[in-house]
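Asker: Provided herewith: target-v3.cif, mmCIF, C-alpha atoms; chains and numbers go by the auth columns.
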data_coords
#
loop_
_atom_site.group_PDB
_atom_site.id
_atom_site.type_symbol
_atom_site.label_atom_id
_atom_site.label_comp_id
_atom_site.label_asym_id
_atom_site.label_seq_id
_atom_site.Cartn_x
_atom_site.Cartn_y
_atom_site.Cartn_z
_atom_site.B_iso_or_equiv
_atom_site.auth_seq_id
_atom_site.auth_asym_id
ATOM 1 C CA MET A 1 -7.169 3.645 -11.572 0.00 1 A
ATOM 2 C CA ILE A 2 -3.731 2.657 -10.238 0.00 2 A
ATOM 3 C CA THR A 3 -0.730 4.871 -10.943 0.00 3 A
ATOM 4 C CA ILE A 4 2.832 3.811 -10.236 0.00 4 A
ATOM 5 C CA ILE A 5 5.136 6.743 -9.504 0.00 5 A
ATOM 6 C CA ALA A 6 8.829 6.198 -10.263 0.00 6 A
ATOM 7 C CA ALA A 7 9.963 8.808 -7.741 0.00 7 A
ATOM 8 C CA THR A 8 13.172 10.100 -9.281 0.00 8 A
ATOM 9 C CA ASN A 9 13.998 12.281 -12.242 0.00 9 A
ATOM 10 C CA ARG A 10 17.162 10.278 -12.982 0.00 10 A
ATOM 11 C CA PRO A 11 16.999 8.872 -16.547 0.00 11 A
ATOM 12 C CA ASN A 12 17.151 5.067 -16.959 0.00 12 A
ATOM 13 C CA SER A 13 17.076 4.542 -13.199 0.00 13 A
ATOM 14 C CA ASN A 14 16.742 1.331 -11.228 0.00 14 A
ATOM 15 C CA THR A 15 13.655 2.990 -9.757 0.00 15 A
ATOM 16 C CA LEU A 16 12.039 2.970 -13.199 0.00 16 A
ATOM 17 C CA LYS A 17 13.055 -0.678 -13.698 0.00 17 A
ATOM 18 C CA VAL A 18 11.388 -1.623 -10.393 0.00 18 A
ATOM 19 C CA ALA A 19 8.303 0.415 -11.323 0.00 19 A
ATOM 20 C CA LYS A 20 8.047 -1.451 -14.635 0.00 20 A
ATOM 21 C CA TYR A 21 8.425 -4.757 -12.766 0.00 21 A
ATOM 22 C CA TYR A 22 5.495 -3.826 -10.505 0.00 22 A
ATOM 23 C CA GLN A 23 3.462 -2.762 -13.529 0.00 23 A
ATOM 24 C CA ARG A 24 4.048 -6.156 -15.216 0.00 24 A
ATOM 25 C CA GLN A 25 3.204 -8.055 -12.024 0.00 25 A
ATOM 26 C CA LEU A 26 0.013 -6.077 -11.458 0.00 26 A
ATOM 27 C CA LYS A 27 -1.047 -6.764 -15.056 0.00 27 A
ATOM 28 C CA GLU A 28 -0.382 -10.499 -14.600 0.00 28 A
ATOM 29 C CA LYS A 29 -2.711 -10.398 -11.589 0.00 29 A
ATOM 30 C CA GLY A 30 -5.437 -8.617 -13.580 0.00 30 A
ATOM 31 C CA ALA A 31 -4.861 -5.040 -12.387 0.00 31 A
ATOM 32 C CA ASP A 32 -3.820 -2.493 -14.999 0.00 32 A
ATOM 33 C CA ALA A 33 -1.646 0.363 -13.811 0.00 33 A
ATOM 34 C CA SER A 34 -0.250 3.420 -15.519 0.00 34 A
ATOM 35 C CA LEU A 35 3.323 4.449 -14.830 0.00 35 A
ATOM 36 C CA PHE A 36 4.571 7.992 -14.356 0.00 36 A
ATOM 37 C CA SER A 37 8.280 8.707 -14.012 0.00 37 A
ATOM 38 C CA LEU A 38 9.221 11.977 -12.365 0.00 38 A
ATOM 39 C CA GLU A 39 11.791 12.466 -15.112 0.00 39 A
ATOM 40 C CA HIS A 40 8.736 13.652 -17.093 0.00 40 A
ATOM 41 C CA LEU A 41 7.814 16.496 -14.756 0.00 41 A
ATOM 42 C CA PRO A 42 7.858 19.820 -16.609 0.00 42 A
ATOM 43 C CA ILE A 43 11.326 21.297 -16.338 0.00 43 A
ATOM 44 C CA ASP A 44 9.977 24.626 -15.059 0.00 44 A
ATOM 45 C CA VAL A 45 7.531 23.165 -12.511 0.00 45 A
ATOM 46 C CA LEU A 46 9.116 25.143 -9.678 0.00 46 A
ATOM 47 C CA ASN A 47 8.372 28.426 -11.420 0.00 47 A
ATOM 48 C CA THR A 48 5.025 27.658 -13.025 0.00 48 A
ATOM 49 C CA ASP A 49 3.059 25.305 -10.775 0.00 49 A
ATOM 50 C CA MET A 50 4.069 25.729 -7.156 0.00 50 A
ATOM 51 C CA TYR A 51 2.071 28.730 -6.010 0.00 51 A
ATOM 52 C CA GLY A 52 -1.337 28.791 -7.624 0.00 52 A
ATOM 53 C CA LYS A 53 -0.276 29.077 -11.255 0.00 53 A
ATOM 54 C CA ARG A 54 -0.978 26.065 -13.430 0.00 54 A
ATOM 55 C CA SER A 55 0.846 25.251 -16.656 0.00 55 A
ATOM 56 C CA GLN A 56 -0.809 23.163 -19.352 0.00 56 A
ATOM 57 C CA ALA A 57 2.019 20.614 -19.058 0.00 57 A
ATOM 58 C CA PHE A 58 1.388 20.100 -15.346 0.00 58 A
ATOM 59 C CA GLN A 59 -2.403 20.182 -15.741 0.00 59 A
ATOM 60 C CA GLU A 60 -2.149 16.838 -17.560 0.00 60 A
ATOM 61 C CA ILE A 61 -0.263 15.423 -14.564 0.00 61 A
ATOM 62 C CA GLN A 62 -2.793 16.948 -12.168 0.00 62 A
ATOM 63 C CA ASP A 63 -5.613 15.293 -14.139 0.00 63 A
ATOM 64 C CA MET A 64 -3.812 11.928 -13.879 0.00 64 A
ATOM 65 C CA ILE A 65 -3.404 12.411 -10.108 0.00 65 A
ATOM 66 C CA ASN A 66 -7.084 13.381 -9.753 0.00 66 A
ATOM 67 C CA ASN A 67 -8.181 10.256 -11.648 0.00 67 A
ATOM 68 C CA THR A 68 -5.971 7.917 -9.612 0.00 68 A
ATOM 69 C CA GLU A 69 -7.543 5.975 -6.750 0.00 69 A
ATOM 70 C CA LYS A 70 -4.402 4.067 -5.716 0.00 70 A
ATOM 71 C CA PHE A 71 -0.760 5.066 -5.953 0.00 71 A
ATOM 72 C CA LEU A 72 2.310 2.869 -5.787 0.00 72 A
ATOM 73 C CA PHE A 73 5.410 4.919 -4.996 0.00 73 A
ATOM 74 C CA ILE A 74 8.817 3.444 -5.835 0.00 74 A
ATOM 75 C CA MET A 75 11.345 5.628 -3.991 0.00 75 A
ATOM 76 C CA PRO A 76 15.130 5.495 -4.167 0.00 76 A
ATOM 77 C CA GLU A 77 17.226 6.678 -1.260 0.00 77 A
ATOM 78 C CA TYR A 78 18.649 10.156 -1.727 0.00 78 A
ATOM 79 C CA ASN A 79 20.819 11.353 1.156 0.00 79 A
ATOM 80 C CA GLY A 80 19.008 9.280 3.778 0.00 80 A
ATOM 81 C CA SER A 81 15.495 10.129 2.576 0.00 81 A
ATOM 82 C CA TYR A 82 13.324 10.219 -0.522 0.00 82 A
ATOM 83 C CA PRO A 83 14.106 12.422 -3.564 0.00 83 A
ATOM 84 C CA GLY A 84 13.200 16.089 -3.360 0.00 84 A
ATOM 85 C CA VAL A 85 11.548 15.853 -6.766 0.00 85 A
ATOM 86 C CA LEU A 86 8.860 13.650 -5.162 0.00 86 A
ATOM 87 C CA LYS A 87 8.129 16.405 -2.644 0.00 87 A
ATOM 88 C CA VAL A 88 7.949 18.886 -5.545 0.00 88 A
ATOM 89 C CA LEU A 89 5.286 16.692 -7.173 0.00 89 A
ATOM 90 C CA ILE A 90 3.250 16.540 -3.962 0.00 90 A
ATOM 91 C CA ASP A 91 3.613 20.285 -3.357 0.00 91 A
ATOM 92 C CA ALA A 92 2.680 21.226 -6.936 0.00 92 A
ATOM 93 C CA CYS A 93 -0.543 19.172 -6.821 0.00 93 A
ATOM 94 C CA ASN A 94 -3.802 20.694 -5.651 0.00 94 A
ATOM 95 C CA PHE A 95 -4.285 20.361 -1.904 0.00 95 A
ATOM 96 C CA PRO A 96 -6.211 18.680 -0.392 0.00 96 A
ATOM 97 C CA ASP A 97 -8.186 17.027 -3.201 0.00 97 A
ATOM 98 C CA SER A 98 -5.273 15.391 -5.082 0.00 98 A
ATOM 99 C CA PHE A 99 -4.557 12.682 -2.511 0.00 99 A
ATOM 100 C CA TYR A 100 -7.209 13.033 0.192 0.00 100 A
ATOM 101 C CA ASP A 101 -8.630 9.640 1.277 0.00 101 A
ATOM 102 C CA LYS A 102 -6.925 7.790 -1.566 0.00 102 A
ATOM 103 C CA LYS A 103 -4.666 4.759 -1.050 0.00 103 A
ATOM 104 C CA ALA A 104 -0.984 4.046 -1.597 0.00 104 A
ATOM 105 C CA ALA A 105 1.703 1.396 -1.282 0.00 105 A
ATOM 106 C CA LEU A 106 5.327 2.334 -0.661 0.00 106 A
ATOM 107 C CA VAL A 107 8.515 0.657 -1.860 0.00 107 A
ATOM 108 C CA GLY A 108 11.958 1.921 -0.900 0.00 108 A
ATOM 109 C CA ILE A 109 15.067 0.945 -2.819 0.00 109 A
ATOM 110 C CA SER A 110 18.735 1.679 -2.268 0.00 110 A
ATOM 111 C CA SER A 111 22.144 0.624 -3.420 0.00 111 A
ATOM 112 C CA GLY A 112 23.060 0.292 0.265 0.00 112 A
ATOM 113 C CA LYS A 113 21.934 -2.289 2.783 0.00 113 A
ATOM 114 C CA TYR A 114 18.803 -0.663 4.268 0.00 114 A
ATOM 115 C CA GLY A 115 16.431 -0.239 1.323 0.00 115 A
ATOM 116 C CA ASN A 116 15.575 3.407 2.071 0.00 116 A
ATOM 117 C CA ILE A 117 13.969 2.707 5.438 0.00 117 A
ATOM 118 C CA ARG A 118 14.246 6.333 6.559 0.00 118 A
ATOM 119 C CA GLY A 119 12.979 7.732 3.261 0.00 119 A
ATOM 120 C CA VAL A 120 9.901 5.521 3.364 0.00 120 A
ATOM 121 C CA ASP A 121 9.283 6.594 6.971 0.00 121 A
ATOM 122 C CA HIS A 122 9.738 10.274 6.050 0.00 122 A
ATOM 123 C CA PHE A 123 7.354 9.966 3.107 0.00 123 A
ATOM 124 C CA THR A 124 4.829 8.100 5.277 0.00 124 A
ATOM 125 C CA GLY A 125 4.620 11.222 7.442 0.00 125 A
ATOM 126 C CA VAL A 126 3.878 13.348 4.371 0.00 126 A
ATOM 127 C CA CYS A 127 1.241 10.828 3.265 0.00 127 A
ATOM 128 C CA HIS A 128 -0.468 11.007 6.642 0.00 128 A
ATOM 129 C CA TYR A 129 -0.542 14.798 6.442 0.00 129 A
ATOM 130 C CA ILE A 130 -2.224 14.769 3.010 0.00 130 A
ATOM 131 C CA HIS A 131 -4.630 12.002 4.186 0.00 131 A
ATOM 132 C CA LEU A 132 -3.249 9.362 1.853 0.00 132 A
ATOM 133 C CA HIS A 133 -3.918 5.935 3.392 0.00 133 A
ATOM 134 C CA ILE A 134 -0.852 3.670 3.373 0.00 134 A
ATOM 135 C CA LEU A 135 -0.827 -0.101 2.920 0.00 135 A
ATOM 136 C CA PRO A 136 0.793 -1.425 6.124 0.00 136 A
ATOM 137 C CA LEU A 137 3.194 -3.683 4.177 0.00 137 A
ATOM 138 C CA ARG A 138 5.902 -1.222 3.116 0.00 138 A
ATOM 139 C CA LEU A 139 8.873 -2.837 1.370 0.00 139 A
ATOM 140 C CA HIS A 140 12.540 -1.933 1.602 0.00 140 A
ATOM 141 C CA ILE A 141 14.724 -3.420 -1.135 0.00 141 A
ATOM 142 C CA PRO A 142 18.468 -3.042 -0.450 0.00 142 A
ATOM 143 C CA ASN A 143 21.396 -3.641 -2.799 0.00 143 A
ATOM 144 C CA ILE A 144 19.182 -2.903 -5.797 0.00 144 A
ATOM 145 C CA LYS A 145 22.078 -3.312 -8.223 0.00 145 A
ATOM 146 C CA THR A 146 22.279 -7.013 -7.326 0.00 146 A
ATOM 147 C CA GLU A 147 18.511 -7.531 -7.190 0.00 147 A
ATOM 148 C CA LEU A 148 17.573 -7.000 -10.844 0.00 148 A
ATOM 149 C CA ASN A 149 18.520 -9.226 -13.758 0.00 149 A
ATOM 150 C CA THR A 150 18.993 -8.004 -17.337 0.00 150 A
ATOM 151 C CA GLU A 151 15.255 -8.448 -18.082 0.00 151 A
ATOM 152 C CA GLY A 152 14.314 -6.200 -15.163 0.00 152 A
ATOM 153 C CA ASN A 153 13.077 -8.999 -12.916 0.00 153 A
ATOM 154 C CA PHE A 154 14.126 -9.708 -9.355 0.00 154 A
ATOM 155 C CA ASN A 155 16.724 -12.426 -8.701 0.00 155 A
ATOM 156 C CA HIS A 156 16.272 -13.203 -5.020 0.00 156 A
ATOM 157 C CA PRO A 157 13.421 -15.494 -3.903 0.00 157 A
ATOM 158 C CA ASP A 158 12.675 -13.438 -0.773 0.00 158 A
ATOM 159 C CA THR A 159 12.264 -10.250 -2.811 0.00 159 A
ATOM 160 C CA ILE A 160 9.952 -12.015 -5.250 0.00 160 A
ATOM 161 C CA LYS A 161 7.945 -13.450 -2.354 0.00 161 A
ATOM 162 C CA PHE A 162 7.499 -10.126 -0.566 0.00 162 A
ATOM 163 C CA THR A 163 6.774 -8.085 -3.707 0.00 163 A
ATOM 164 C CA ASN A 164 4.109 -10.643 -4.670 0.00 164 A
ATOM 165 C CA GLU A 165 2.601 -10.423 -1.194 0.00 165 A
ATOM 166 C CA GLN A 166 2.581 -6.630 -1.326 0.00 166 A
ATOM 167 C CA ILE A 167 1.006 -6.596 -4.805 0.00 167 A
ATOM 168 C CA GLU A 168 -1.751 -9.012 -3.766 0.00 168 A
ATOM 169 C CA LYS A 169 -2.518 -6.947 -0.649 0.00 169 A
ATOM 170 C CA PHE A 170 -2.415 -3.724 -2.679 0.00 170 A
ATOM 171 C CA ILE A 171 -4.973 -5.047 -5.164 0.00 171 A
ATOM 172 C CA LYS A 172 -7.337 -5.908 -2.281 0.00 172 A
ATOM 173 C CA PHE A 173 -6.585 -2.661 -0.371 0.00 173 A
#
Can the structure from this file be put into structure tokens for me?

Answerer:
Amino acid sequence: MITIIAATNRPNSNTLKVAKYYQRQLKEKGADASLFSLEHLPIDVLNTDMYGKRSQAFQEIQDMINNTEKFLFIMPEYNGSYPGVLKVLIDACNFPDSFYDKKAALVGISSGKYGNIRGVDHFTGVCHYIHLHILPLRLHIPNIKTELNTEGNFNHPDTIKFTNEQIEKFIKF
């Protein structure tokens, strides 16, 4: 099972639009993927699921994580890194069995010109710690506001080329 994580809790985000794009492209290539947006984390996750307690709402998310073999993280840049809500998800999940020896692809997006390079690097370190194997082709998509058209598809040929390459490698990974 492949799960795409839209790694922000911001409603109607560009991150979610990119995640949906990846989901459509994976489906076109014969690989179904579920999509989970962090805007759907339980609102009280910090109080109920961080230190050994488990809420029913988060247990459903934990079950999804347990059943996932490959993750695709779409991460916006927040203050030079990835969103804290993504770290909350990782920290609330059971360790080490949630991610141990599973696989992931990483995509950074930003409204600026660097495509969340530092955030992807920071999150790569977390992934290594939890033994999540990372696809070497990590993408950084800058100027996200100019990248997507009204249908939620990419405009620029280079972005289309590299996302297709990453998706094909991810399927084989």

Asker: For this structure, which residues satisfy the selection - the PyMOL selection byres ((chain A and resi 140) around 9) - when it is evaluated on the file as given? I want them as number ranges by chain.

Answerer: A: 106-110, 114-117, 120, 138-139, 141-142

Asker: Which of these, A:Phe71, A:Tyr82, A:Phe162, A:Tyr51, has the shortest distance to Asn9 in chain A once you count all atoms listed in the file?

Answerer: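 That would be A:Tyr82, the residue with the smallest distance to Asn9 in chain A.
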
Asker: State, in Å with one decimal place, the distance from CA of His128 in chain A to CA of Lys172 in chain A.

Answerer: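 Distance between the two atoms: 20.3 Å.
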
Asker: Pick out the closest residue to Met64 in chain A from this set: A:Val18, A:Val85, A:Ile160, A:Cys93. Count all atoms listed in the file.

Answerer: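 Among A:Val18, A:Val85, A:Ile160, A:Cys93, it is A:Cys93 that comes nearest to Met64 in chain A.
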
Asker: I need the residue nearest Thr68 in chain A from this list: A:Thr163, A:Ser98, A:Gln56, A:Asn47. Use only C-alpha atoms for the distance.

Answerer: A:Ser98

Asker: List the residues selected by the PyMOL selection byres ((chain A and resi 94) around 12) in the file shown, writing them as a ChimeraX atom specification.

Answerer: /A:49-54,58-59,61-63,65-66,88-93,95-100,130

Asker: At what distance in Å, to one decimal, does CA of Glu60 in chain A lie from CA of Phe123 in chain A?

Answerer: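 Going from CA of Phe123 in chain A over to CA of Glu60 in chain A covers 23.8 Å.
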
Asker: Just how far from CA of Asp101 in chain A is CA of Met1 in chain A, in Å to one decimal?

Answerer: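 Those two atoms sit 14.3 Å apart.
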
Asker: Identify, on the basis of all atoms listed in the file, every residue whose closest approach to Thr146 in chain A does not exceed 8 Å; exclude the query and any residue fewer than 3 positions from it along the same chain; express the result as a PyMOL selection string.

Answerer: chain A and resi 143+149+155

Asker: Would you write out, as a list in words, every residue that the PyMOL selection byres ((chain A and resi 19) around 8) captures in this file?

Answerer: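 Output from the PyMOL selection byres ((chain A and resi 19) around 8), applied to this file: Ile4, Ile5, Ala6, Thr15, Leu16, Lys17, Val18, Lys20, Tyr21, Tyr22, Gln23, Leu35 and Ile74 of chain A.
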
Asker: Write the residues of the preceding selection, restricted to C-alpha atoms, as a PDB file, keeping the file's coordinate frame.

Answerer:
ATOM      1  CA  ILE A   4       2.832   3.811 -10.236  1.00  0.00           C
ATOM      2  CA  ILE A   5       5.136   6.743  -9.504  1.00  0.00           C
ATOM      3  CA  ALA A   6       8.829   6.198 -10.263  1.00  0.00           C
ATOM      4  CA  THR A  15      13.655   2.990  -9.757  1.00  0.00           C
ATOM      5  CA  LEU A  16      12.039   2.970 -13.199  1.00  0.00           C
ATOM      6  CA  LYS A  17      13.055  -0.678 -13.698  1.00  0.00           C
ATOM      7  CA  VAL A  18      11.388  -1.623 -10.393  1.00  0.00           C
ATOM      8  CA  LYS A  20       8.047  -1.451 -14.635  1.00  0.00           C
ATOM      9  CA  TYR A  21       8.425  -4.757 -12.766  1.00  0.00           C
ATOM     10  CA  TYR A  22       5.495  -3.826 -10.505  1.00  0.00           C
ATOM     11  CA  GLN A  23       3.462  -2.762 -13.529  1.00  0.00           C
ATOM     12  CA  LEU A  35       3.323   4.449 -14.830  1.00  0.00           C
ATOM     13  CA  ILE A  74       8.817   3.444  -5.835  1.00  0.00           C
TER      14      ILE A  74
END

Asker: Calculated over all atoms listed in the file, which of the candidates A:Ser37, A:Gln25, A:Asn14, A:Thr150 has the smallest distance to Phe73 in chain A?

Answerer: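 Under the stated criterion, the closest residue is A:Ser37.
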
Asker: Using all atoms listed in the file, find the one residue out of A:Lys161, A:Lys70, A:Arg24, A:His122 that sits nearest to Leu135 in chain A.

Answerer: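 Looking at the shortest contact to Leu135 in chain A, the residue is A:Lys70.
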
Asker: Which residue gives the smallest distance to Arg118 in chain A among A:Phe173, A:Glu165, A:Tyr78, A:Ser34, with all atoms listed in the file counted?

Answerer: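 Comparing A:Phe173, A:Glu165, A:Tyr78, A:Ser34 against Arg118 in chain A, the winner is A:Tyr78.
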